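Structure data follow from work35.pdb (PDB, C-alpha atoms):
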ATOM      1  CA  MET A 240      40.200 -21.182 -62.815  1.00  0.00           C
ATOM      2  CA  HIS A 241      38.625 -21.567 -59.406  1.00  0.00           C
ATOM      3  CA  ALA A 242      35.613 -19.264 -59.241  1.00  0.00           C
ATOM      4  CA  GLU A 243      32.699 -18.749 -56.894  1.00  0.00           C
ATOM      5  CA  ILE A 244      29.261 -18.346 -58.436  1.00  0.00           C
ATOM      6  CA  THR A 245      27.727 -15.708 -56.187  1.00  0.00           C
ATOM      7  CA  GLU A 246      24.441 -15.210 -58.012  1.00  0.00           C
ATOM      8  CA  VAL A 247      22.428 -16.911 -60.732  1.00  0.00           C
ATOM      9  CA  LEU A 248      20.952 -14.225 -62.974  1.00  0.00           C
ATOM     10  CA  ASP A 249      18.241 -14.305 -65.635  1.00  0.00           C
ATOM     11  CA  GLY A 250      18.980 -15.391 -69.175  1.00  0.00           C
ATOM     12  CA  GLY A 251      21.583 -18.047 -68.349  1.00  0.00           C
ATOM     13  CA  LEU A 252      23.971 -15.561 -66.776  1.00  0.00           C
ATOM     14  CA  VAL A 253      25.881 -15.869 -63.525  1.00  0.00           C
ATOM     15  CA  ARG A 254      27.782 -13.424 -61.349  1.00  0.00           C
ATOM     16  CA  PHE A 255      31.102 -14.848 -60.195  1.00  0.00           C
ATOM     17  CA  THR A 256      34.150 -13.856 -58.245  1.00  0.00           C
ATOM     18  CA  SER A 257      37.692 -15.173 -58.552  1.00  0.00           C
ATOM     19  CA  PRO A 258      41.140 -14.193 -57.309  1.00  0.00           C
ATOM     20  CA  LEU A 259      41.299 -11.897 -60.372  1.00  0.00           C
ATOM     21  CA  GLY A 260      38.044 -10.018 -59.837  1.00  0.00           C
ATOM     22  CA  THR A 261      34.288 -10.151 -60.301  1.00  0.00           C
ATOM     23  CA  ALA A 262      32.237 -10.329 -63.499  1.00  0.00           C
ATOM     24  CA  ASN A 263      29.091 -11.600 -65.131  1.00  0.00           C
ATOM     25  CA  ALA A 264      29.303 -14.459 -67.621  1.00  0.00           C
ATOM     26  CA  ALA A 265      27.101 -16.790 -69.636  1.00  0.00           C
ATOM     27  CA  TRP A 266      26.949 -20.248 -68.038  1.00  0.00           C
ATOM     28  CA  ARG A 267      27.752 -23.011 -70.552  1.00  0.00           C
ATOM     29  CA  GLY A 268      27.390 -26.121 -68.401  1.00  0.00           C
ATOM     30  CA  THR A 269      25.061 -29.013 -69.139  1.00  0.00           C
ATOM     31  CA  GLU A 270      23.636 -28.690 -65.612  1.00  0.00           C
ATOM     32  CA  PRO A 271      22.057 -25.454 -64.360  1.00  0.00           C
ATOM     33  CA  PRO A 272      24.451 -23.205 -62.425  1.00  0.00           C
ATOM     34  CA  ARG A 273      24.405 -23.180 -58.630  1.00  0.00           C
ATOM     35  CA  VAL A 274      25.804 -20.746 -56.120  1.00  0.00           C
ATOM     36  CA  GLY A 275      29.157 -22.017 -54.824  1.00  0.00           C
ATOM     37  CA  TRP A 276      32.711 -22.832 -55.862  1.00  0.00           C
ATOM     38  CA  VAL A 277      33.449 -24.396 -59.230  1.00  0.00           C
ATOM     39  CA  HIS A 278      36.404 -24.903 -61.568  1.00  0.00           C
ATOM     40  CA  VAL A 279      35.782 -23.234 -64.915  1.00  0.00           C
ATOM     41  CA  GLU A 280      37.371 -22.492 -68.254  1.00  0.00           C
ATOM     42  CA  LEU A 281      36.874 -19.012 -69.699  1.00  0.00           C
ATOM     43  CA  ASP A 282      36.033 -18.182 -73.282  1.00  0.00           C
ATOM     44  CA  PHE A 283      35.417 -15.023 -75.286  1.00  0.00           C
ATOM     45  CA  PRO A 284      32.732 -16.161 -77.782  1.00  0.00           C
ATOM     46  CA  ALA A 285      33.294 -13.248 -80.173  1.00  0.00           C
ATOM     47  CA  ALA A 286      36.174 -11.051 -81.300  1.00  0.00           C
ATOM     48  CA  LEU A 287      37.471  -8.584 -78.749  1.00  0.00           C
ATOM     49  CA  ARG A 288      35.992  -5.094 -78.939  1.00  0.00           C
ATOM     50  CA  THR A 289      39.060  -3.131 -77.890  1.00  0.00           C
ATOM     51  CA  TRP A 290      42.638  -3.798 -76.845  1.00  0.00           C
ATOM     52  CA  ALA A 291      45.572  -1.731 -75.665  1.00  0.00           C
ATOM     53  CA  VAL A 292      49.147  -2.607 -74.825  1.00  0.00           C
ATOM     54  CA  VAL A 293      49.836  -1.731 -71.174  1.00  0.00           C
ATOM     55  CA  PRO A 294      52.951  -1.835 -68.971  1.00  0.00           C
ATOM     56  CA  ALA A 295      53.551  -5.060 -67.059  1.00  0.00           C
ATOM     57  CA  GLY A 296      50.668  -5.440 -64.710  1.00  0.00           C
ATOM     58  CA  THR A 297      48.525  -7.635 -62.567  1.00  0.00           C
ATOM     59  CA  PRO A 298      45.982  -9.987 -64.133  1.00  0.00           C
ATOM     60  CA  GLU A 299      42.479  -8.624 -63.654  1.00  0.00           C
ATOM     61  CA  LEU A 300      38.930  -9.540 -64.631  1.00  0.00           C
ATOM     62  CA  ARG A 301      35.991  -7.126 -64.225  1.00  0.00           C
ATOM     63  CA  GLY A 302      32.615  -6.692 -65.799  1.00  0.00           C
ATOM     64  CA  THR A 303      28.878  -6.446 -65.649  1.00  0.00           C
ATOM     65  CA  GLY A 304      26.191  -6.392 -68.271  1.00  0.00           C
ATOM     66  CA  ASP A 305      27.512  -6.467 -71.802  1.00  0.00           C
ATOM     67  CA  GLN A 306      31.167  -5.578 -71.178  1.00  0.00           C
ATOM     68  CA  VAL A 307      34.037  -7.489 -69.612  1.00  0.00           C
ATOM     69  CA  ARG A 308      37.459  -5.901 -69.073  1.00  0.00           C
ATOM     70  CA  VAL A 309      40.540  -8.103 -68.723  1.00  0.00           C
ATOM     71  CA  THR A 310      44.199  -7.348 -68.088  1.00  0.00           C
ATOM     72  CA  ALA A 311      46.389 -10.300 -69.044  1.00  0.00           C
ATOM     73  CA  ARG A 312      49.831 -11.340 -70.233  1.00  0.00           C
ATOM     74  CA  VAL A 313      50.182 -12.341 -73.890  1.00  0.00           C
ATOM     75  CA  ALA A 314      51.360 -15.945 -74.180  1.00  0.00           C
ATOM     76  CA  ALA A 315      51.164 -16.107 -77.984  1.00  0.00           C
ATOM     77  CA  TYR A 316      49.799 -14.151 -80.913  1.00  0.00           C
ATOM     78  CA  THR A 317      49.368 -15.156 -84.544  1.00  0.00           C
ATOM     79  CA  PRO A 318      48.626 -11.995 -86.567  1.00  0.00           C
ATOM     80  CA  GLU A 319      47.798 -14.010 -89.707  1.00  0.00           C
ATOM     81  CA  ASP A 320      44.646 -15.444 -88.148  1.00  0.00           C
ATOM     82  CA  GLY A 321      44.137 -12.959 -85.305  1.00  0.00           C
ATOM     83  CA  VAL A 322      44.318 -15.603 -82.572  1.00  0.00           C
ATOM     84  CA  LEU A 323      45.599 -14.346 -79.251  1.00  0.00           C
ATOM     85  CA  THR A 324      46.474 -16.548 -76.271  1.00  0.00           C
ATOM     86  CA  LEU A 325      46.215 -14.754 -72.934  1.00  0.00           C
ATOM     87  CA  GLU A 326      47.491 -15.888 -69.542  1.00  0.00           C
ATOM     88  CA  LEU A 327      44.941 -14.855 -66.959  1.00  0.00           C
ATOM     89  CA  GLY A 328      46.187 -16.023 -63.583  1.00  0.00           C
ATOM     90  CA  ASP A 329      46.360 -19.813 -63.766  1.00  0.00           C
ATOM     91  CA  SER A 330      44.109 -19.896 -66.847  1.00  0.00           C
ATOM     92  CA  VAL A 331      44.828 -19.655 -70.540  1.00  0.00           C
ATOM     93  CA  VAL A 332      42.170 -17.940 -72.651  1.00  0.00           C
ATOM     94  CA  LEU A 333      41.997 -17.763 -76.435  1.00  0.00           C
ATOM     95  CA  ALA A 334      40.683 -14.593 -78.034  1.00  0.00           C
ATOM     96  CA  GLU A 335      40.258 -13.323 -81.554  1.00  0.00           C
ATOM     97  CA  LEU A 336      41.179  -9.886 -82.821  1.00  0.00           C
ATOM     98  CA  PRO A 337      39.171  -8.471 -85.736  1.00  0.00           C
ATOM     99  CA  ALA A 338      42.289  -6.955 -87.352  1.00  0.00           C
ATOM    100  CA  PRO A 339      46.069  -7.565 -87.197  1.00  0.00           C
ATOM    101  CA  ALA A 340      47.838  -5.759 -84.375  1.00  0.00           C
ATOM    102  CA  PRO A 341      51.610  -5.780 -84.943  1.00  0.00           C
ATOM    103  CA  GLU A 342      52.180  -3.957 -81.633  1.00  0.00           C
ATOM    104  CA  ILE A 343      51.144  -7.070 -79.683  1.00  0.00           C
ATOM    105  CA  ARG A 344      54.095  -9.205 -78.599  1.00  0.00           C
ATOM    106  CA  PRO A 345      54.316 -12.427 -76.557  1.00  0.00           C
ATOM    107  CA  GLY A 346      55.352 -11.571 -73.012  1.00  0.00           C
ATOM    108  CA  GLY A 347      53.653  -8.184 -73.183  1.00  0.00           C
ATOM    109  CA  TRP A 348      50.514  -7.133 -71.360  1.00  0.00           C
ATOM    110  CA  LEU A 349      47.121  -6.165 -72.766  1.00  0.00           C
ATOM    111  CA  ARG A 350      43.958  -4.610 -71.456  1.00  0.00           C
ATOM    112  CA  VAL A 351      41.055  -5.901 -73.528  1.00  0.00           C
ATOM    113  CA  THR A 352      37.298  -5.523 -73.519  1.00  0.00           C
ATOM    114  CA  ALA A 353      34.814  -8.074 -74.777  1.00  0.00           C
ATOM    115  CA  GLY A 354      31.068  -8.060 -75.147  1.00  0.00           C
ATOM    116  CA  ARG A 355      30.669 -11.294 -73.242  1.00  0.00           C
ATOM    117  CA  LEU A 356      32.494 -13.977 -71.323  1.00  0.00           C
ATOM    118  CA  ASP A 357      31.431 -17.625 -71.228  1.00  0.00           C
ATOM    119  CA  LEU A 358      32.100 -19.995 -68.317  1.00  0.00           C
ATOM    120  CA  TYR A 359      32.461 -23.737 -68.897  1.00  0.00           C
ATOM    121  CA  PRO A 360      32.526 -25.934 -65.775  1.00  0.00           C
ATOM    122  CA  VAL A 361      35.443 -28.371 -65.643  1.00  0.00           C
ATOM    123  CA  ASP A 362      35.677 -31.563 -63.583  1.00  0.00           C
ATOM    124  CA  LEU A 363      39.003 -32.002 -61.863  1.00  0.00           C
TER     125      LEU A 363
END
Would you put the structure from the file into structure tokens?
Amino acid sequence: MHAEITEVLDGGLVRFTSPLGTANAAWRGTEPPRVGWVHVELDFPAALRTWAVVPAGTPELRGTGDQVRVTARVAAYTPEDGVLTLELGDSVVLAELPAPAPEIRPGGWLRVTAGRLDLYPVDL
């Protein structure tokens, strides 16, 4: 995902904006973050807090503090291990659900919340 770091915050956090929205995230690069454009991969480091099936929608990413809200299309879901693959714009993000959710289907849309989002810089 192409994102713009707009602010470097305390505690290893950054504020970023992307075509999908604006959020805070933990920076996971080997170099300190800098304000400016960067290509990143997204990661939810812990199981999702909440999820809800929603009608077909538009990918979205919003959040500050300790909550990030995402609307994304389900690419794949394996209920046996709780692994969920979400298409978020041009990115693919893996997430983990704490319990099986048989109502989730590939091709459907979800609105999820997570306690944190991690950003990993990627060289292109």
What are the closest atom pairs, with distances in Å to one decimal, for all residues of segment 275-294 of chain A lying within 12 Å of segment 251-260 of chain A? Consider only C-alpha atoms, order rows by chain and residue number, and present the result as CSV.
residue,atom,partner,partner_atom,distance
A:Gly275,CA,A:Phe255,CA,9.2
A:Trp276,CA,A:Phe255,CA,9.2
A:Val277,CA,A:Phe255,CA,9.9
A:His278,CA,A:Ser257,CA,10.3
A:Val279,CA,A:Ser257,CA,10.4
A:Leu281,CA,A:Ser257,CA,11.8
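Here atom CA of Arg312 of chain A stands at a distance of 26.9 Å from atom CA of Gly268 of chain A.
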Spell out the residues picked by the PyMOL selection byres ((chain A and resi 314-331) around 10) here, as a PyMOL selection string.
chain A and resi 240-241+257-259+279-282+286-287+297-300+309-313+332-341+343-349
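Taking atom CA of Ala265 of chain A and atom CA of Gly304 of chain A as endpoints, the distance between them is 10.5 Å.
The space between atom CA of Ile244 of chain A and atom CA of Arg308 of chain A spans 18.3 Å.
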Selection: 12 Å around Thr269 of chain A, only C-alpha atoms, excl. self and same-chain fewer than 3 positions, as number ranges by chain: A: 251, 266, 272, 358-361
Centre and edge lengths, as AutoDock Vina command-line options, for the axis-aligned box enclosing every listed atom of segment 313-322 of chain A with 6 Å of padding on each of the six sides, in Å to one decimal?
--center_x 47.7 --center_y -14.1 --center_z -81.8 --size_x 19.2 --size_y 16.1 --size_z 27.8
